[in-house]
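Here is the structure we will look at.
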Amino acid sequence: MTPLLRNFELDQAAGGTVLLKPENLQVTGSFKIRGAYNLLSRLSQEQASRGVVAWSSGNHAQGVAAAGAMLGIPAAIVMPEDAPTAKLSNTRRLGGEVITYDRYSGDREAIARGIAAERGAEIVPSYDHDHIIAGQGTVGLEIADQSIEMGLPVDQVLICCGGGGLSAGSAVALKARLTDVAVHTVEPCDFDDTARSLEVGTRVFVDPAARSICDALQAPTPGKMTFEINRKLLGRGLSVSDDEVRSAMRFAFRHLKLVVEPGGAVALAAVLAGRIDTKGRTTAVVLSGGNVDRGLFAEIQQSASG
């Protein structure tokens with residue numbers, strides 16, 4: 001469990017009450033451990049003995065590696081060769097076997113499924129699995145329960161979105177506790193496939209030429225399972241620019257004393273950039289991760305703007 005935090009500077013900027021869910025303080029530095037542990041802990045002894053294979057830009061990789069280490073299950077993860085050094089090294093440090101590929105020309109899922117077939121291993125998807133979605137959904141469950149305990153039941157929740165597992169699971173939990181709550185995804189501008197998919201009612205794809213500093217949020221299209229949930233439960237999707245993300249990362253470090261990675265800062269960026277009305281409302285913001293390379297983080301913090 002992670003806490004729900006409030007900050008005077010942020011409330012002033014938003015003109016309302018903002019409650020932060022700092023999943024950057026979670027084990028492995030992101031929410032991904034929740035779903036990974038939930039799935040791995042449900043494997044039979046025979047399944048566990050054959051190991052697991054996953055694909056990830058970095059945070060799911062660390063979650064799977066950590067869950068595998070806790071449960072004694074061998075874990076192999078297919079990761080982009082240009083993933084942040086911190087994510088690659090942490091995955092290896094946690095005991096994961098890292099297999100790299102080119103994110104712009106390779107098919108990570110096909111590579112992972114091929115390895116799993118060769119080894120007889122179990123697949124651990126990044127988001128499109130009921131146990132993963134349920135595990136990630138504990139973020140929403142905690143937000144609902146903690147905000148009610150604080151006497152500040154949330155009116156709306158902003159969730160960083162890649163494949164949609166965190167938003168899908170959290171929306172189910174939030175709506176079960178707070179029926180009138182609005183749940184919104186937030187994505188990088190050029191990776192706003194969930195926002196566009198929600199608008200048209202069917203899954204759309206990201207332009208292969210798209211680029212963003214938000215390495216954790218570069219799924220090519222919403223998940224099949226996750227989108228079926230999200231299209232029924234979510235409000236409109238929001239998007240932010242890389243410059244707005246940088247500004248949010250500076251705000252988090254300077255005013256909240258928190259290290260947040262680019263993909264983990266998009267929901268906060270949406271509040272600071274005024275993408276949604278927060279005046280007089282109680283808004284929960286998920287900071288989904290804090291695994292950022294030191295060089296990039298220092299560069300962003302030293303920027304004169306923001």
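A note on labels: chains of the structure tokens are A, B, ... as shown, every chain counts residues from 1, and ligands are counted from 1 in their shown order.
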
(Q) So that I can check the surroundings of region 226-233 of chain A, please list as a PyMOL selection string every protein, DNA and RNA residue that reaches within 7 Å of it, counting only C-alpha atoms and ignoring chain neighbours fewer than 3 positions away. (A) chain A and resi 128+164-165+168+171+198+222-223

Would you save the residues of that selection, restricted to all heavy atoms, as a PDB file, in the first residue's frame?
```pdb
ATOM      1  N   ASP A 128      -2.911  -6.989 -20.453  1.00  0.00           N
ATOM      2  CA  ASP A 128      -4.092  -7.702 -20.943  1.00  0.00           C
ATOM      3  C   ASP A 128      -4.268  -9.081 -20.303  1.00  0.00           C
ATOM      4  O   ASP A 128      -4.176 -10.120 -20.977  1.00  0.00           O
ATOM      5  CB  ASP A 128      -4.031  -7.829 -22.466  1.00  0.00           C
ATOM      6  CG  ASP A 128      -5.166  -7.077 -23.151  1.00  0.00           C
ATOM      7  OD1 ASP A 128      -6.005  -6.513 -22.442  1.00  0.00           O
ATOM      8  OD2 ASP A 128      -5.210  -7.065 -24.396  1.00  0.00           O
ATOM      9  N   GLY A 164      -3.405   0.373 -20.556  1.00  0.00           N
ATOM     10  CA  GLY A 164      -4.719   0.521 -19.949  1.00  0.00           C
ATOM     11  C   GLY A 164      -5.043  -0.380 -18.780  1.00  0.00           C
ATOM     12  O   GLY A 164      -6.159  -0.346 -18.255  1.00  0.00           O
ATOM     13  N   GLY A 165      -4.084  -1.185 -18.306  1.00  0.00           N
ATOM     14  CA  GLY A 165      -4.353  -2.078 -17.191  1.00  0.00           C
ATOM     15  C   GLY A 165      -4.605  -1.361 -15.883  1.00  0.00           C
ATOM     16  O   GLY A 165      -5.532  -1.722 -15.131  1.00  0.00           O
ATOM     17  N   ALA A 168      -8.026   0.453 -16.142  1.00  0.00           N
ATOM     18  CA  ALA A 168      -9.146  -0.487 -16.159  1.00  0.00           C
ATOM     19  C   ALA A 168      -9.416  -1.051 -14.768  1.00  0.00           C
ATOM     20  O   ALA A 168     -10.548  -1.016 -14.264  1.00  0.00           O
ATOM     21  CB  ALA A 168      -8.871  -1.622 -17.143  1.00  0.00           C
ATOM     22  N   ALA A 171     -10.529   1.742 -12.351  1.00  0.00           N
ATOM     23  CA  ALA A 171     -11.887   2.222 -12.615  1.00  0.00           C
ATOM     24  C   ALA A 171     -12.932   1.276 -12.035  1.00  0.00           C
ATOM     25  O   ALA A 171     -13.930   1.714 -11.453  1.00  0.00           O
ATOM     26  CB  ALA A 171     -12.109   2.394 -14.117  1.00  0.00           C
ATOM     27  N   LEU A 198     -11.236   5.934 -27.155  1.00  0.00           N
ATOM     28  CA  LEU A 198     -12.445   6.225 -26.394  1.00  0.00           C
ATOM     29  C   LEU A 198     -13.384   7.124 -27.186  1.00  0.00           C
ATOM     30  O   LEU A 198     -14.607   6.982 -27.131  1.00  0.00           O
ATOM     31  CB  LEU A 198     -12.078   6.881 -25.062  1.00  0.00           C
ATOM     32  CG  LEU A 198     -11.378   5.999 -24.022  1.00  0.00           C
ATOM     33  CD1 LEU A 198     -10.873   6.837 -22.865  1.00  0.00           C
ATOM     34  CD2 LEU A 198     -12.314   4.902 -23.522  1.00  0.00           C
ATOM     35  N   PRO A 222      -4.416   0.349 -27.329  1.00  0.00           N
ATOM     36  CA  PRO A 222      -4.961  -0.144 -26.060  1.00  0.00           C
ATOM     37  C   PRO A 222      -5.112  -1.668 -26.075  1.00  0.00           C
ATOM     38  O   PRO A 222      -5.312  -2.274 -27.127  1.00  0.00           O
ATOM     39  CB  PRO A 222      -6.336   0.530 -25.981  1.00  0.00           C
ATOM     40  CG  PRO A 222      -6.220   1.739 -26.855  1.00  0.00           C
ATOM     41  CD  PRO A 222      -5.309   1.326 -27.966  1.00  0.00           C
ATOM     42  N   GLY A 223      -5.003  -2.284 -24.900  1.00  0.00           N
ATOM     43  CA  GLY A 223      -5.215  -3.722 -24.806  1.00  0.00           C
ATOM     44  C   GLY A 223      -6.651  -4.091 -25.134  1.00  0.00           C
ATOM     45  O   GLY A 223      -7.571  -3.284 -24.966  1.00  0.00           O
TER      46      GLY A 223
END
```

Q. Got a sec to tell me which of region 23-235 of chain A DSSP assigns to helix (DSSP H, G or I), as a PyMOL selection string?
A. chain A and resi 23-25+27-29+32-40+45-49+59-71+85-93+108-119+130-136+138-149+165-177+189-191+193-200+215-217+224-233

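Summary of the local environment: counting only C-alpha atoms, residues at most 9 Å from Arg281 (chain A), other than itself and those fewer than 4 positions away along its chain, are Gly15, Gly16, Thr17, Val18, Val154, Asp155, Gln156 and Asp277 of chain A.
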
May I have the residues from that selection written out with all heavy atoms, as a PDB file, in the first residue's frame?
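The result, stored in again19.pdb:
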```
ATOM      1  N   GLY A  15      -6.417  25.109  -7.531  1.00  0.00           N
ATOM      2  CA  GLY A  15      -7.634  25.786  -7.101  1.00  0.00           C
ATOM      3  C   GLY A  15      -8.637  24.826  -6.484  1.00  0.00           C
ATOM      4  O   GLY A  15      -9.839  25.089  -6.443  1.00  0.00           O
ATOM      5  N   GLY A  16      -8.142  23.699  -6.021  1.00  0.00           N
ATOM      6  CA  GLY A  16      -8.993  22.690  -5.395  1.00  0.00           C
ATOM      7  C   GLY A  16      -8.132  21.755  -4.574  1.00  0.00           C
ATOM      8  O   GLY A  16      -6.977  22.069  -4.269  1.00  0.00           O
ATOM      9  N   THR A  17      -8.669  20.619  -4.210  1.00  0.00           N
ATOM     10  CA  THR A  17      -7.929  19.634  -3.428  1.00  0.00           C
ATOM     11  C   THR A  17      -7.374  18.563  -4.355  1.00  0.00           C
ATOM     12  O   THR A  17      -8.117  17.973  -5.137  1.00  0.00           O
ATOM     13  CB  THR A  17      -8.843  18.967  -2.380  1.00  0.00           C
ATOM     14  OG1 THR A  17      -9.343  19.974  -1.495  1.00  0.00           O
ATOM     15  CG2 THR A  17      -8.085  17.919  -1.584  1.00  0.00           C
ATOM     16  N   VAL A  18      -6.061  18.336  -4.277  1.00  0.00           N
ATOM     17  CA  VAL A  18      -5.413  17.304  -5.084  1.00  0.00           C
ATOM     18  C   VAL A  18      -4.797  16.270  -4.144  1.00  0.00           C
ATOM     19  O   VAL A  18      -4.027  16.623  -3.239  1.00  0.00           O
ATOM     20  CB  VAL A  18      -4.326  17.886  -6.007  1.00  0.00           C
ATOM     21  CG1 VAL A  18      -3.676  16.770  -6.819  1.00  0.00           C
ATOM     22  CG2 VAL A  18      -4.916  18.937  -6.930  1.00  0.00           C
ATOM     23  N   VAL A 154     -13.013  11.365  -3.510  1.00  0.00           N
ATOM     24  CA  VAL A 154     -12.588  12.008  -4.755  1.00  0.00           C
ATOM     25  C   VAL A 154     -13.745  12.188  -5.737  1.00  0.00           C
ATOM     26  O   VAL A 154     -14.632  11.344  -5.849  1.00  0.00           O
ATOM     27  CB  VAL A 154     -11.449  11.211  -5.427  1.00  0.00           C
ATOM     28  CG1 VAL A 154     -10.175  11.327  -4.609  1.00  0.00           C
ATOM     29  CG2 VAL A 154     -11.822   9.750  -5.618  1.00  0.00           C
ATOM     30  N   ASP A 155     -13.692  13.318  -6.442  1.00  0.00           N
ATOM     31  CA  ASP A 155     -14.653  13.593  -7.511  1.00  0.00           C
ATOM     32  C   ASP A 155     -14.163  13.041  -8.841  1.00  0.00           C
ATOM     33  O   ASP A 155     -14.957  12.633  -9.694  1.00  0.00           O
ATOM     34  CB  ASP A 155     -14.872  15.097  -7.657  1.00  0.00           C
ATOM     35  CG  ASP A 155     -15.458  15.729  -6.404  1.00  0.00           C
ATOM     36  OD1 ASP A 155     -16.485  15.235  -5.919  1.00  0.00           O
ATOM     37  OD2 ASP A 155     -14.871  16.712  -5.909  1.00  0.00           O
ATOM     38  N   GLN A 156     -12.835  13.065  -9.009  1.00  0.00           N
ATOM     39  CA  GLN A 156     -12.258  12.615 -10.277  1.00  0.00           C
ATOM     40  C   GLN A 156     -10.847  12.074 -10.026  1.00  0.00           C
ATOM     41  O   GLN A 156     -10.167  12.506  -9.089  1.00  0.00           O
ATOM     42  CB  GLN A 156     -12.227  13.749 -11.297  1.00  0.00           C
ATOM     43  CG  GLN A 156     -11.517  15.001 -10.822  1.00  0.00           C
ATOM     44  CD  GLN A 156     -11.748  16.193 -11.739  1.00  0.00           C
ATOM     45  OE1 GLN A 156     -12.565  16.160 -12.642  1.00  0.00           O
ATOM     46  NE2 GLN A 156     -11.009  17.269 -11.510  1.00  0.00           N
ATOM     47  N   ASP A 277     -10.830  20.640 -15.349  1.00  0.00           N
ATOM     48  CA  ASP A 277     -11.246  21.592 -14.324  1.00  0.00           C
ATOM     49  C   ASP A 277     -11.059  20.965 -12.938  1.00  0.00           C
ATOM     50  O   ASP A 277     -11.656  19.936 -12.625  1.00  0.00           O
ATOM     51  CB  ASP A 277     -12.710  21.969 -14.534  1.00  0.00           C
ATOM     52  CG  ASP A 277     -13.188  23.030 -13.557  1.00  0.00           C
ATOM     53  OD1 ASP A 277     -12.339  23.644 -12.873  1.00  0.00           O
ATOM     54  OD2 ASP A 277     -14.408  23.244 -13.466  1.00  0.00           O
TER      55      ASP A 277
END
```

Q | Interatomic distance, CA of Val292 (chain A) to CA of Leu40 (chain A) (Å, one decimal) | A | 25.7 Å

Q. Counting only C-alpha atoms, which of A:Pro188, A:Gly120, A:Gly96, A:Gly274 gets nearest to Ala48 (chain A)?
A.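 Nearest to Ala48 (chain A): A:Gly120.
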
(Q) Going by DSSP on the backbone, which residues of region 17-197 of chain A come out as strand (DSSP E or B)? List them as a ChimeraX atom specification. (A) /A:17-22,30,52-55,75-80,97-101,122-123,156-160,182-188

Dump of N, CA, C and O atoms for the selected residues, as a compact mmCIF listing (two decimals), in the first residue's frame:
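Saved to selection12.txt:
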```txt
# COMPACT_ATOMS: atom_id res chain seq x y z
N THR A 17 -8.67 20.62 -4.21
CA THR A 17 -7.93 19.63 -3.43
C THR A 17 -7.37 18.56 -4.36
O THR A 17 -8.12 17.97 -5.14
N VAL A 18 -6.06 18.34 -4.28
CA VAL A 18 -5.41 17.30 -5.08
C VAL A 18 -4.80 16.27 -4.14
O VAL A 18 -4.03 16.62 -3.24
N LEU A 19 -5.14 15.03 -4.34
CA LEU A 19 -4.60 13.93 -3.55
C LEU A 19 -3.68 13.10 -4.45
O LEU A 19 -4.11 12.62 -5.50
N LEU A 20 -2.45 12.95 -4.04
CA LEU A 20 -1.44 12.26 -4.84
C LEU A 20 -1.28 10.81 -4.39
O LEU A 20 -1.13 10.53 -3.20
N LYS A 21 -1.28 9.90 -5.34
CA LYS A 21 -1.02 8.48 -5.06
C LYS A 21 0.38 8.18 -5.58
O LYS A 21 0.59 7.95 -6.78
N PRO A 22 1.40 8.20 -4.70
CA PRO A 22 2.80 8.10 -5.15
C PRO A 22 3.28 6.66 -5.33
O PRO A 22 4.00 6.10 -4.50
N SER A 30 7.36 1.44 -9.03
CA SER A 30 6.16 1.67 -9.84
C SER A 30 5.05 0.73 -9.39
O SER A 30 5.29 -0.25 -8.67
N VAL A 52 8.64 -17.86 -16.06
CA VAL A 52 7.72 -16.95 -16.74
C VAL A 52 8.49 -16.09 -17.73
O VAL A 52 9.70 -15.89 -17.59
N VAL A 53 7.77 -15.58 -18.72
CA VAL A 53 8.34 -14.67 -19.71
C VAL A 53 7.40 -13.47 -19.85
O VAL A 53 6.18 -13.64 -19.91
N ALA A 54 7.98 -12.27 -19.88
CA ALA A 54 7.19 -11.05 -20.02
C ALA A 54 7.85 -10.13 -21.04
O ALA A 54 8.99 -10.35 -21.45
N TRP A 55 7.13 -9.10 -21.46
CA TRP A 55 7.71 -8.04 -22.29
C TRP A 55 7.36 -6.72 -21.63
O TRP A 55 6.29 -6.54 -21.06
N ALA A 75 12.45 -15.67 -14.10
CA ALA A 75 11.74 -14.69 -14.93
C ALA A 75 12.64 -14.16 -16.04
O ALA A 75 13.76 -13.70 -15.77
N ALA A 76 12.15 -14.23 -17.28
CA ALA A 76 12.84 -13.64 -18.43
C ALA A 76 11.97 -12.53 -18.97
O ALA A 76 10.75 -12.69 -19.08
N ILE A 77 12.58 -11.39 -19.31
CA ILE A 77 11.81 -10.24 -19.77
C ILE A 77 12.42 -9.67 -21.05
O ILE A 77 13.63 -9.41 -21.11
N VAL A 78 11.58 -9.49 -22.07
CA VAL A 78 12.00 -8.86 -23.32
C VAL A 78 11.84 -7.35 -23.15
O VAL A 78 10.74 -6.86 -22.88
N MET A 79 12.96 -6.61 -23.32
CA MET A 79 12.96 -5.16 -23.08
C MET A 79 13.60 -4.42 -24.25
O MET A 79 14.48 -4.96 -24.92
N PRO A 80 13.17 -3.16 -24.50
CA PRO A 80 13.80 -2.38 -25.56
C PRO A 80 15.28 -2.14 -25.24
O PRO A 80 15.65 -1.89 -24.09
N GLU A 97 16.16 -12.19 -16.20
CA GLU A 97 16.95 -12.41 -17.40
C GLU A 97 16.46 -11.44 -18.45
O GLU A 97 15.30 -11.51 -18.88
N VAL A 98 17.31 -10.52 -18.88
CA VAL A 98 16.90 -9.47 -19.82
C VAL A 98 17.28 -9.86 -21.25
O VAL A 98 18.44 -10.20 -21.52
N ILE A 99 16.30 -9.80 -22.15
CA ILE A 99 16.51 -10.06 -23.57
C ILE A 99 16.09 -8.79 -24.30
O ILE A 99 14.93 -8.38 -24.23
N THR A 100 17.02 -8.11 -24.98
CA THR A 100 16.72 -6.81 -25.59
C THR A 100 16.29 -6.93 -27.06
O THR A 100 16.59 -7.92 -27.73
N TYR A 101 15.60 -5.88 -27.52
CA TYR A 101 15.15 -5.81 -28.92
C TYR A 101 15.04 -4.34 -29.31
O TYR A 101 15.09 -3.44 -28.45
N GLU A 122 5.33 -19.72 -18.66
CA GLU A 122 4.07 -18.98 -18.62
C GLU A 122 4.30 -17.54 -19.07
O GLU A 122 5.31 -16.92 -18.72
N ILE A 123 3.35 -17.00 -19.81
CA ILE A 123 3.40 -15.60 -20.25
C ILE A 123 2.82 -14.71 -19.16
O ILE A 123 1.79 -15.02 -18.55
N GLN A 156 -12.83 13.07 -9.01
CA GLN A 156 -12.26 12.61 -10.28
C GLN A 156 -10.85 12.07 -10.03
O GLN A 156 -10.17 12.51 -9.09
N VAL A 157 -10.43 11.14 -10.87
CA VAL A 157 -9.13 10.51 -10.73
C VAL A 157 -8.44 10.53 -12.09
O VAL A 157 -9.03 10.16 -13.11
N LEU A 158 -7.19 10.97 -12.11
CA LEU A 158 -6.38 11.02 -13.33
C LEU A 158 -5.32 9.94 -13.25
O LEU A 158 -4.55 9.88 -12.28
N ILE A 159 -5.26 9.09 -14.27
CA ILE A 159 -4.39 7.91 -14.25
C ILE A 159 -3.52 7.87 -15.49
O ILE A 159 -4.02 7.94 -16.63
N CYS A 160 -2.21 7.73 -15.30
CA CYS A 160 -1.27 7.58 -16.41
C CYS A 160 -1.64 6.31 -17.17
O CYS A 160 -1.93 5.28 -16.57
N ALA A 182 -15.46 10.32 -11.57
CA ALA A 182 -15.03 10.34 -12.97
C ALA A 182 -13.58 9.87 -13.04
O ALA A 182 -12.75 10.32 -12.24
N VAL A 183 -13.28 9.00 -13.97
CA VAL A 183 -11.93 8.47 -14.13
C VAL A 183 -11.43 8.81 -15.53
O VAL A 183 -12.12 8.54 -16.52
N HIS A 184 -10.25 9.43 -15.59
CA HIS A 184 -9.69 9.86 -16.86
C HIS A 184 -8.28 9.33 -17.05
O HIS A 184 -7.46 9.38 -16.12
N THR A 185 -7.97 8.84 -18.24
CA THR A 185 -6.60 8.48 -18.57
C THR A 185 -5.85 9.73 -19.00
O THR A 185 -6.44 10.69 -19.50
N VAL A 186 -4.52 9.69 -18.82
CA VAL A 186 -3.65 10.75 -19.33
C VAL A 186 -2.49 10.09 -20.06
O VAL A 186 -1.89 9.14 -19.56
N GLU A 187 -2.20 10.60 -21.26
CA GLU A 187 -1.16 10.03 -22.13
C GLU A 187 -0.30 11.13 -22.72
O GLU A 187 -0.70 12.30 -22.76
N PRO A 188 0.88 10.78 -23.25
CA PRO A 188 1.66 11.75 -24.03
C PRO A 188 0.89 12.09 -25.31
O PRO A 188 0.19 11.24 -25.86
```

Q) Out of A:Glu109, A:Gln12, A:Asp180, A:Asn291, which residue has the shortest atom-to-atom distance to Leu88 (chain A) when counting only C-alpha atoms? A)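 Checking each of A:Glu109, A:Gln12, A:Asp180, A:Asn291 against Leu88 (chain A), counting only C-alpha atoms, the winner is A:Asn291.
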
Q: Name the residues in contact with Glu261 (chain A) at a cut-off of 8 Å, using only C-alpha atoms, excluding same-chain residues fewer than 3 positions from it; report them as number ranges by chain.
A: A: 214, 249, 264-265, 289-292, 297

Q: Find the residue from A:Met1, A:Met225, A:Ser167, A:Asp293 that sits nearest to Ala267 (chain A); use only C-alpha atoms when measuring.
A: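 Nearest to Ala267 (chain A): A:Ser167.
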
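Computed from the coordinates, the CA of Arg196 (chain A) to CA of Gly235 (chain A) distance equals 12.0 Å.
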
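With only C-alpha atoms as the basis for measurement, A:Tyr37 is the residue among A:Tyr37, A:Phe205, A:Phe251, A:Phe8 that approaches Ala65 (chain A) most closely.
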
Q: Return the single residue from A:Gly29, A:Gly137, A:Ala121, A:Tyr127 that is closest to Thr91 (chain A), with distances computed using only C-alpha atoms.
A: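 Between A:Gly29, A:Gly137, A:Ala121, A:Tyr127, the residue approaching Thr91 (chain A) most closely is A:Gly29.
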
Q. Taking only C-alpha atoms into account, which of A:Phe31, A:Ala66, A:Leu71, A:Gln302 comes nearest Cys161 (chain A)?
A.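 Comparing A:Phe31, A:Ala66, A:Leu71, A:Gln302 against Cys161 (chain A), the winner is A:Phe31.
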
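Using only C-alpha atoms, the contacts of Ile276 (chain A) at a cut-off of 9 Å, with sequence neighbours closer than 4 positions omitted, comprise Leu238, Ala270 and Val271 of chain A.
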
**Q.** Contact residues around Ala36 (chain A) with only C-alpha atoms at 9 Å, ignoring same-chain residues under 5 positions, as a PyMOL selection string
**A.** chain A and resi 41+60+63-68+124-126+131-132+135-136
